[in-house]
Structure formats: structure tokens, C-alpha cells
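Here the structure is laid out as C-alpha cells; the discussion comes afterwards.
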Amino acid sequence: TGQKEDDLAKKMKTDAEKNVRTMLVISEIIEQEKITVSPDDLKHEYQRIADLYKMDVKKVEEIMSKDLDNFVNRIKSNKLHDRLMELNK
């Protein structure tokens with residue numbers, strides 16, 4: 001059990017380090033590619049979420065504005081993903 005806990009801790013540390021490196025690389029690519037989020041991008045994403053969850057768009061905006069930086073970063077990551085998929089065609 002002590003050994004299993006040590007193995008689990010090592011695996012979790014390795015996974016966390018990999019995730020941080022991945023996030024740093026993605027952030028750097030987003031910066032280099034000058035990927036931004038416009039007010040229209042935000043409105044579109046608010047509406048998409050409202051439609052998906054059958055919610056009032058103002059309520060979605062209120063909820064997402066509580067962690068706007070994270071929300072914007074997620075949109076940037078999605079835009080990067082879309083750009084990469086387009087390049088891969």
C-alpha cells in the first residue's frame with residue numbers, strides 16, 4: 001500500500017508536469033499566432049452555451065463573467081484547435 005501510494009504520487013506528478021508543459025506550449029502558440037477573442041466571439045459563445053443548455057443568454061454571460069479570463073482562454077484554445085484542423089485538411 002505504501003508502494004502503491006508512492007507509485008500513484010509519482011504518476012500524478014508526471015501527469016501534472018506534462019499538463020503544465022502542454023498548457024505553456026499552447027499559450028505560446030496562441031500568442032505567436034496572435035489569436036484573440038473579440039466581443040463578437042464572446043457573444044457567439046454565450047449564445048452557443050445558452051442554446052446548448054436552454055438558458056437565458058444573460059444568465060450565461062453573468063456566470064461566465066465570474067471567471068472571464070478562463071473563459072476567454074478556452075475560446076482562444078478552441079480557435080487554435082479550429083485553425084490547426086483547417087491546416088490539416
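Starting from 1 in every chain, residues are counted up; chains themselves are A, B, ... following the order of the C-alpha cells, and ligands are numbered from 1 as listed.
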Extract, using only C-alpha atoms, all DNA, RNA and protein residues at most 9 Å from A:Lys43, discarding same-chain residues fewer than 4 positions from it, and format them as number ranges by chain. A: 38-39, 47-48, 57, 61
Take the residues that were just selected and, keeping N, CA and C atoms, output them as a PDB file, in the first residue's frame.
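Okay, this is what ended up in out-v1.pdb:
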```
ATOM      1  N   SER A  38     -12.724  38.493 -29.747  1.00  0.00           N
ATOM      2  CA  SER A  38     -13.434  39.760 -29.929  1.00  0.00           C
ATOM      3  C   SER A  38     -14.731  39.756 -29.112  1.00  0.00           C
ATOM      4  N   PRO A  39     -15.320  40.924 -28.942  1.00  0.00           N
ATOM      5  CA  PRO A  39     -16.637  40.959 -28.289  1.00  0.00           C
ATOM      6  C   PRO A  39     -17.663  40.088 -29.027  1.00  0.00           C
ATOM      7  N   GLN A  47     -24.109  32.750 -26.588  1.00  0.00           N
ATOM      8  CA  GLN A  47     -25.339  32.276 -27.223  1.00  0.00           C
ATOM      9  C   GLN A  47     -25.291  30.767 -27.462  1.00  0.00           C
ATOM     10  N   ARG A  48     -24.120  30.274 -27.872  1.00  0.00           N
ATOM     11  CA  ARG A  48     -23.966  28.833 -28.109  1.00  0.00           C
ATOM     12  C   ARG A  48     -24.241  28.052 -26.829  1.00  0.00           C
ATOM     13  N   VAL A  57     -29.440  33.850 -22.235  1.00  0.00           N
ATOM     14  CA  VAL A  57     -28.083  34.250 -22.593  1.00  0.00           C
ATOM     15  C   VAL A  57     -27.491  35.211 -21.560  1.00  0.00           C
ATOM     16  N   GLU A  61     -23.950  34.779 -19.573  1.00  0.00           N
ATOM     17  CA  GLU A  61     -22.958  35.854 -19.523  1.00  0.00           C
ATOM     18  C   GLU A  61     -22.594  36.182 -18.069  1.00  0.00           C
TER      19      GLU A  61
END
```
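Those residues that approach A:Leu42 to within 12 Å, counting only C-alpha atoms, are A:Thr36, A:Val37, A:Ser38, A:Tyr46, A:Gln47, A:Arg48, A:Ile49, A:Val57, A:Val60, A:Glu61, A:Met64, A:Ser65, A:Leu68, A:Asp69, A:Phe71, A:Val72, A:Asn73, A:Arg74, A:Ile75, A:Lys76; same-chain residues fewer than 4 positions away are not listed.
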Find the residue from A:Lys58, A:Ser77, A:Ala9, A:Leu87 that sits nearest to A:Met23; use only C-alpha atoms when measuring. A:Ser77
Would you list, as an MDAnalysis selection string, the residues of chain A that end up in alpha helix (DSSP H) under DSSP run on this structure's backbone? chainID A and resid 2:32 39:53 57:64 68:87
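With atom CA of A:Ile26 on one side and atom CA of A:Lys11 on the other, the separation reads 22.4 Å.
Residue nearest A:Ile35 within the list A:Asn78, A:Asn19, A:Asn70, A:Asn88: A:Asn78 [criterion: smallest interatomic distance, only C-alpha atoms].
Each of A:Leu52, A:Leu80, A:Gln3, A:Lys10 was checked against A:Ile29 using only C-alpha atoms; the smallest atom-to-atom distance is that of A:Leu80.
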Hey, which of A:His44, A:Ala50, A:Thr22, A:Ile30 ends up closest to A:His81? Count only C-alpha atoms. A:Ile30
Of the residues A:Lys89, A:Lys79, A:Leu84, A:Lys4, which is the one nearest to A:Lys34, using only C-alpha atoms? A:Lys79
